[in-house]
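Below is the file my_file.json, which contains JSON, C-alpha atoms.
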[["chain", "number", "residue", "atom", "x", "y", "z"],
["I", 1, "MET", "CA", 0.00, 0.00, 0.00],
["I", 2, "PRO", "CA", 1.21, 3.56, -0.65],
["I", 3, "LYS", "CA", 2.95, 5.42, 2.15],
["I", 4, "LYS", "CA", 0.95, 8.18, 3.81],
["I", 5, "THR", "CA", 2.39, 11.66, 3.58],
["I", 6, "SER", "CA", 2.06, 14.82, 5.65],
["I", 7, "SER", "CA", -1.34, 16.51, 5.46],
["I", 8, "LEU", "CA", 0.43, 19.88, 5.27],
["I", 9, "GLU", "CA", 2.66, 19.04, 2.30],
["I", 10, "PRO", "CA", 1.22, 15.79, 0.95],
["I", 11, "TRP", "CA", 3.24, 15.84, -2.27],
["I", 12, "SER", "CA", 6.48, 17.48, -1.11],
["I", 13, "GLU", "CA", 8.51, 14.28, -1.40],
["I", 14, "ALA", "CA", 7.09, 13.57, -4.86],
["I", 15, "ILE", "CA", 7.79, 17.09, -6.09],
["I", 16, "ALA", "CA", 11.34, 17.05, -4.73],
["I", 17, "HIS", "CA", 11.99, 13.77, -6.54],
["I", 18, "LEU", "CA", 10.50, 14.93, -9.85],
["I", 19, "LYS", "CA", 12.46, 18.17, -9.75],
["I", 20, "SER", "CA", 15.69, 16.27, -9.12],
["I", 21, "VAL", "CA", 15.32, 13.92, -12.11],
["I", 22, "ASP", "CA", 13.78, 16.14, -14.82],
["I", 23, "GLN", "CA", 14.69, 19.79, -15.35],
["I", 24, "LYS", "CA", 11.85, 20.49, -17.78],
["I", 25, "LEU", "CA", 9.36, 19.00, -15.36],
["I", 26, "SER", "CA", 10.96, 21.01, -12.57],
["I", 27, "ASP", "CA", 10.39, 24.20, -14.56],
["I", 28, "LEU", "CA", 6.76, 23.24, -15.11],
["I", 29, "ILE", "CA", 6.27, 22.53, -11.40],
["I", 30, "VAL", "CA", 7.68, 25.95, -10.50],
["I", 31, "LYS", "CA", 5.41, 27.60, -13.08],
["I", 32, "VAL", "CA", 2.23, 25.80, -12.02],
["I", 33, "GLY", "CA", 2.77, 25.79, -8.26],
["I", 34, "PRO", "CA", 1.75, 23.21, -5.62],
["I", 35, "CYS", "CA", 0.05, 19.99, -6.69],
["I", 36, "GLN", "CA", -3.66, 20.23, -5.88],
["I", 37, "LEU", "CA", -4.46, 16.53, -5.89],
["I", 38, "LYS", "CA", -6.52, 15.60, -2.83],
["I", 39, "PRO", "CA", -8.10, 12.22, -2.06],
["I", 40, "THR", "CA", -11.84, 11.81, -1.68],
["I", 41, "ASP", "CA", -14.09, 9.13, -0.28],
["I", 42, "ASP", "CA", -16.92, 10.17, -2.62],
["I", 43, "TYR", "CA", -16.19, 7.26, -4.92],
["I", 44, "LEU", "CA", -19.42, 7.26, -6.92],
["I", 45, "LYS", "CA", -18.94, 10.94, -7.73],
["I", 46, "THR", "CA", -15.38, 10.29, -8.89],
["I", 47, "LEU", "CA", -16.41, 7.34, -11.07],
["I", 48, "THR", "CA", -19.33, 9.24, -12.59],
["I", 49, "GLN", "CA", -17.04, 12.14, -13.44],
["I", 50, "ALA", "CA", -14.52, 9.74, -14.98],
["I", 51, "ILE", "CA", -17.21, 8.16, -17.17],
["I", 52, "ILE", "CA", -18.38, 11.57, -18.34],
["I", 53, "SER", "CA", -14.77, 12.50, -19.13],
["I", 54, "GLN", "CA", -14.20, 9.55, -21.47],
["I", 55, "GLN", "CA", -12.87, 10.66, -24.87],
["I", 56, "ILE", "CA", -13.79, 14.34, -24.55],
["I", 57, "SER", "CA", -11.75, 17.38, -23.57],
["I", 58, "THR", "CA", -11.23, 18.29, -19.93],
["I", 59, "LYS", "CA", -13.13, 21.56, -20.36],
["I", 60, "ALA", "CA", -16.14, 19.88, -21.98],
["I", 61, "ALA", "CA", -16.19, 17.21, -19.28],
["I", 62, "GLU", "CA", -16.10, 19.82, -16.53],
["I", 63, "THR", "CA", -19.02, 21.69, -18.08],
["I", 64, "ILE", "CA", -21.18, 18.57, -18.44],
["I", 65, "PHE", "CA", -20.30, 17.24, -15.00],
["I", 66, "GLY", "CA", -21.15, 20.61, -13.47],
["I", 67, "ARG", "CA", -24.66, 20.31, -14.88],
["I", 68, "VAL", "CA", -25.02, 16.71, -13.70],
["I", 69, "SER", "CA", -23.93, 17.66, -10.18],
["I", 70, "ILE", "CA", -26.55, 20.39, -9.63],
["I", 71, "PRO", "CA", -29.34, 18.27, -8.06],
["I", 72, "ILE", "CA", -27.08, 16.24, -5.76],
["I", 73, "TYR", "CA", -26.34, 17.46, -2.26],
["I", 74, "GLY", "CA", -23.80, 15.84, 0.02],
["I", 75, "LYS", "CA", -22.16, 12.53, -0.72],
["I", 76, "TRP", "CA", -23.05, 10.72, -3.94],
["I", 77, "THR", "CA", -24.79, 7.42, -3.20],
["I", 78, "ALA", "CA", -27.05, 5.10, -5.18],
["I", 79, "ASP", "CA", -30.00, 6.68, -3.35],
["I", 80, "SER", "CA", -28.96, 10.31, -3.77],
["I", 81, "MET", "CA", -28.28, 9.71, -7.47],
["I", 82, "THR", "CA", -31.77, 8.44, -8.35],
["I", 83, "CYS", "CA", -32.41, 11.85, -9.92],
["I", 84, "LEU", "CA", -29.80, 11.05, -12.55],
["I", 85, "ASN", "CA", -32.20, 9.33, -14.89],
["I", 86, "SER", "CA", -31.58, 9.05, -18.61],
["I", 87, "HIS", "CA", -33.72, 12.07, -19.48],
["I", 88, "PHE", "CA", -31.93, 14.34, -17.01],
["I", 89, "LEU", "CA", -28.49, 13.13, -18.08],
["I", 90, "GLN", "CA", -29.40, 13.75, -21.72],
["I", 91, "SER", "CA", -30.44, 17.32, -20.86],
["I", 92, "CYS", "CA", -26.98, 17.83, -19.34],
["I", 93, "GLY", "CA", -25.26, 16.78, -22.56],
["I", 94, "VAL", "CA", -24.35, 13.21, -21.59],
["I", 95, "SER", "CA", -24.28, 10.87, -24.60],
["I", 96, "GLN", "CA", -26.57, 7.85, -24.81],
["I", 97, "GLN", "CA", -23.65, 5.46, -24.34],
["I", 98, "LYS", "CA", -22.39, 7.25, -21.25],
["I", 99, "ARG", "CA", -25.91, 7.49, -19.83],
["I", 100, "ASN", "CA", -26.10, 3.72, -20.07],
["I", 101, "TYR", "CA", -22.72, 3.40, -18.37],
["I", 102, "ILE", "CA", -23.69, 5.66, -15.47],
["I", 103, "LEU", "CA", -26.98, 3.86, -14.95],
["I", 104, "SER", "CA", -25.17, 0.52, -15.10],
["I", 105, "LEU", "CA", -22.74, 1.74, -12.42],
["I", 106, "LEU", "CA", -25.63, 2.83, -10.18],
["I", 107, "ASP", "CA", -27.33, -0.53, -10.68],
["I", 108, "CYS", "CA", -24.15, -2.40, -9.74],
["I", 109, "VAL", "CA", -23.67, -0.33, -6.58],
["I", 110, "GLY", "CA", -27.34, -0.33, -5.60],
["I", 111, "SER", "CA", -27.63, -4.11, -6.01],
["I", 112, "GLY", "CA", -24.43, -4.75, -4.07],
["I", 113, "ARG", "CA", -22.61, -6.32, -7.02],
["I", 114, "LEU", "CA", -19.99, -3.57, -6.67],
["I", 115, "ASN", "CA", -18.98, -2.74, -3.09],
["I", 116, "LEU", "CA", -17.05, 0.53, -3.01],
["I", 117, "ASN", "CA", -16.80, 0.73, 0.78],
["I", 118, "GLN", "CA", -13.62, -1.32, 1.03],
["I", 119, "ILE", "CA", -12.14, -0.80, -2.41],
["I", 120, "HIS", "CA", -9.46, 1.57, -1.09],
["I", 121, "LEU", "CA", -7.89, -1.37, 0.75],
["I", 122, "LEU", "CA", -6.97, -3.11, -2.51],
["I", 123, "GLU", "CA", -3.79, -2.74, -4.54],
["I", 124, "ASP", "CA", -3.93, -0.72, -7.76],
["I", 125, "GLU", "CA", -4.30, -3.63, -10.19],
["I", 126, "ALA", "CA", -6.93, -5.31, -8.01],
["I", 127, "ILE", "CA", -8.95, -2.08, -8.03],
["I", 128, "ILE", "CA", -8.67, -1.88, -11.81],
["I", 129, "GLU", "CA", -9.76, -5.50, -12.14],
["I", 130, "THR", "CA", -12.75, -4.90, -9.84],
["I", 131, "LEU", "CA", -13.94, -1.72, -11.52],
["I", 132, "THR", "CA", -13.56, -2.97, -15.08],
["I", 133, "GLN", "CA", -16.19, -5.63, -14.36],
["I", 134, "VAL", "CA", -18.72, -2.78, -14.58],
["I", 135, "ARG", "CA", -20.06, -1.98, -18.04],
["I", 136, "GLY", "CA", -18.47, 1.18, -19.39],
["I", 137, "ILE", "CA", -15.52, 1.22, -17.01],
["I", 138, "GLY", "CA", -12.31, 0.39, -18.80],
["I", 139, "ARG", "CA", -8.74, 0.68, -17.63],
["I", 140, "TRP", "CA", -8.53, 4.44, -18.30],
["I", 141, "THR", "CA", -11.62, 5.17, -16.19],
["I", 142, "ALA", "CA", -10.31, 2.98, -13.38],
["I", 143, "GLU", "CA", -6.96, 4.79, -13.56],
["I", 144, "MET", "CA", -8.74, 8.14, -13.22],
["I", 145, "PHE", "CA", -10.35, 6.76, -10.09],
["I", 146, "LEU", "CA", -6.95, 5.73, -8.74],
["I", 147, "ILE", "CA", -5.53, 9.19, -9.48],
["I", 148, "PHE", "CA", -8.35, 11.54, -8.52],
["I", 149, "GLY", "CA", -10.23, 9.42, -6.00],
["I", 150, "LEU", "CA", -7.49, 7.61, -4.11],
["I", 151, "ASN", "CA", -4.40, 9.63, -5.10],
["I", 152, "ARG", "CA", -2.39, 6.48, -5.69],
["I", 153, "PRO", "CA", 1.10, 7.88, -6.34],
["I", 154, "ASP", "CA", 2.38, 5.95, -9.36],
["I", 155, "VAL", "CA", -0.38, 5.69, -11.97],
["I", 156, "LEU", "CA", 0.52, 6.03, -15.65],
["I", 157, "PRO", "CA", -2.58, 6.42, -17.88],
["I", 158, "VAL", "CA", -1.05, 5.54, -21.25],
["I", 159, "ALA", "CA", -4.41, 5.74, -23.06],
["I", 160, "ASP", "CA", -5.10, 9.34, -22.03],
["I", 161, "LEU", "CA", -5.08, 11.55, -25.12],
["I", 162, "GLU", "CA", -3.90, 14.70, -23.34],
["I", 163, "ILE", "CA", -1.12, 12.78, -21.61],
["I", 164, "LYS", "CA", -0.02, 11.29, -24.94],
["I", 165, "SER", "CA", 0.21, 14.78, -26.38],
["I", 166, "ALA", "CA", 2.00, 16.13, -23.30],
["I", 167, "ILE", "CA", 4.55, 13.29, -23.25],
["I", 168, "LYS", "CA", 5.20, 13.81, -26.95],
["I", 169, "ARG", "CA", 5.76, 17.51, -26.34],
["I", 170, "HIS", "CA", 7.78, 17.07, -23.16],
["I", 171, "PHE", "CA", 10.23, 14.61, -24.68],
["I", 172, "GLU", "CA", 10.19, 16.30, -28.09],
["I", 173, "LEU", "CA", 8.99, 13.21, -29.95],
["I", 174, "SER", "CA", 7.97, 13.20, -33.60],
["I", 175, "ILE", "CA", 5.12, 10.71, -33.11],
["I", 176, "ASP", "CA", 2.87, 9.66, -30.24],
["I", 177, "PRO", "CA", 4.63, 7.23, -27.87],
["I", 178, "LYS", "CA", 3.52, 3.62, -27.65],
["I", 179, "PRO", "CA", 2.57, 2.16, -24.22],
["I", 180, "LYS", "CA", 5.97, 0.50, -23.71],
["I", 181, "GLU", "CA", 7.68, 3.77, -24.60],
["I", 182, "PHE", "CA", 5.60, 5.52, -21.93],
["I", 183, "GLU", "CA", 7.16, 3.22, -19.37],
["I", 184, "ARG", "CA", 10.66, 3.87, -20.67],
["I", 185, "PHE", "CA", 10.35, 7.64, -20.91],
["I", 186, "THR", "CA", 8.78, 8.01, -17.47],
["I", 187, "GLN", "CA", 10.95, 5.52, -15.61],
["I", 188, "ASP", "CA", 12.83, 8.26, -13.74],
["I", 189, "TRP", "CA", 9.57, 9.70, -12.44],
["I", 190, "ARG", "CA", 8.73, 6.53, -10.51],
["I", 191, "PRO", "CA", 7.28, 6.12, -7.92],
["I", 192, "TYR", "CA", 5.47, 9.45, -8.33],
["I", 193, "ARG", "CA", 4.15, 9.38, -11.88],
["I", 194, "THR", "CA", 0.67, 10.37, -10.72],
["I", 195, "VAL", "CA", 2.03, 13.76, -9.66],
["I", 196, "ALA", "CA", 3.92, 14.12, -12.94],
["I", 197, "MET", "CA", 0.67, 13.37, -14.80],
["I", 198, "TRP", "CA", -1.14, 16.09, -12.86],
["I", 199, "TYR", "CA", 1.45, 18.64, -13.95],
["I", 200, "LEU", "CA", 1.42, 17.44, -17.56],
["I", 201, "TRP", "CA", -2.37, 17.89, -17.64],
["I", 202, "ARG", "CA", -1.76, 21.52, -16.73],
["I", 203, "LEU", "CA", -0.10, 21.97, -20.13],
["I", 204, "SER", "CA", -3.51, 21.75, -21.75],
["I", 205, "ASP", "CA", -5.30, 24.08, -19.32]]

Using structure tokens, write down the structure that the file contains.
Amino acid sequence: MPKKTSSLEPWSEAIAHLKSVDQKLSDLIVKVGPCQLKPTDDYLKTLTQAIISQQISTKAAETIFGRVSIPIYGKWTADSMTCLNSHFLQSCGVSQQKRNYILSLLDCVGSGRLNLNQIHLLEDEAIIETLTQVRGIGRWTAEMFLIFGLNRPDVLPVADLEIKSAIKRHFELSIDPKPKEFERFTQDWRPYRTVAMWYLWRLSD
């Protein structure tokens, strides 16, 4: 399991490491400022947001998710999310396919087929294996949950389009890197690639 860090400077060790191994990344860190990643126990909210974010830009996903979030107060649960029916989700701009995925997720949680209460106790790959049993949740969506929900420190989402573009730009590549090349190029960032990813996403802000 990942080591807990100080609540005051939760990513100080990660940032110090990344700065020491990559000057360009160090410059980006200085420009952007402190890493704002914070864990959450609102797992259904995180998974719903990840589903909405599939294959669309960050800005578009934020806009749509903002609309979806309006009727929900407090923690997202299968009960509190009953208002997220297909008609409402469609009015928010959620595609038919993603509406089906969200409703499938709610069904899995509500029926008990997916128990999120103890999922944080599992290792990264076990979490990915568990979540990808749900219709519409692939490896990328599960990785977003690891990053933004649990703040697991060394997640490398090789299928993320913005990360592909950022890695290509950062390492001055002529073509998009293949998954194995991701591992090779980012080896020095281990075991804090999650934090590096957060900073690379800032390149597209």

Please provide as a short mmCIF file (atom, residue, chain, number, x, y, z; two decimals) with C-alpha atoms, in the coordinates of the input all residues within 10 Å of Asn151 (chain I), with the sequence filter that same-chain residues fewer than 2 positions apart are discarded (counting only C-alpha atoms).
data_model
loop_
_atom_site.label_atom_id
_atom_site.label_comp_id
_atom_site.auth_asym_id
_atom_site.auth_seq_id
_atom_site.Cartn_x
_atom_site.Cartn_y
_atom_site.Cartn_z
CA PRO I 2 1.21 3.56 -0.65
CA LEU I 37 -4.46 16.53 -5.89
CA LYS I 38 -6.52 15.60 -2.83
CA PRO I 39 -8.10 12.22 -2.06
CA THR I 40 -11.84 11.81 -1.68
CA MET I 144 -8.74 8.14 -13.22
CA PHE I 145 -10.35 6.76 -10.09
CA LEU I 146 -6.95 5.73 -8.74
CA ILE I 147 -5.53 9.19 -9.48
CA PHE I 148 -8.35 11.54 -8.52
CA GLY I 149 -10.23 9.42 -6.00
CA PRO I 153 1.10 7.88 -6.34
CA ASP I 154 2.38 5.95 -9.36
CA VAL I 155 -0.38 5.69 -11.97
CA THR I 194 0.67 10.37 -10.72
CA VAL I 195 2.03 13.76 -9.66
#

Compile the contact shell of region 99-111 of chain I as a VMD selection string: residues with an atom at most 10 Å away, counting all atoms listed in the file, same-chain residues fewer than 4 positions apart removed.
chain I and resid 44 47 to 49 51 to 52 77 to 79 81 to 82 84 to 90 93 to 95 115 to 116 131 133 to 137

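Using all atoms listed in the file, the smallest distance between any of I:Tyr192, I:Phe171, I:Tyr43, I:Trp140 and His120 (chain I) comes from I:Tyr43.
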
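Distance annotation: of I:Glu9, I:Gln55, I:Trp189, I:Ser174, the residue with the minimal separation from Gln97 (chain I) is I:Gln55; atom set is all atoms listed in the file.
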
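Among I:Lys164, I:Arg190, I:His17, I:Arg169, the residue with the shortest atom-to-atom distance to Ile29 (chain I), counting all atoms listed in the file, is I:His17.
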
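Considering the residues I:Lys59, I:Leu150, I:Gly112, I:Leu200 and counting all atoms listed in the file, Ile167 (chain I) has its shortest atom-to-atom contact with I:Leu200.
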
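The spacing separating CA of Gln54 (chain I) from CA of Thr132 (chain I) amounts to 14.1 Å.
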
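Take CA of Leu121 (chain I) and CA of Pro10 (chain I): the distance between them is 19.4 Å.
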
Enter the distance from CA of Glu162 (chain I) to CA of Trp201 (chain I), in Å, rounded to one decimal.
6.7 Å

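Nearest residue to Arg139 (chain I) among I:Lys180, I:Gln23, I:Trp76, I:Ala50 is I:Ala50, counting all atoms listed in the file.
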
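Among the candidate residues I:Ile128, I:Ile72, I:Leu173, I:Met197, the one lying nearest to Pro157 (chain I) is I:Met197, with distances computed using only C-alpha atoms.
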
How big is the axis-aligned box, and where does its centre sit, when it encloses all atoms of region 72-81 of chain I listed in the file and has 4 Å added on every side, reported in Å to one decimal as JSON?
{"center_x": -26.1, "center_y": 11.3, "center_z": -3.7, "size_x": 15.8, "size_y": 20.4, "size_z": 15.5}
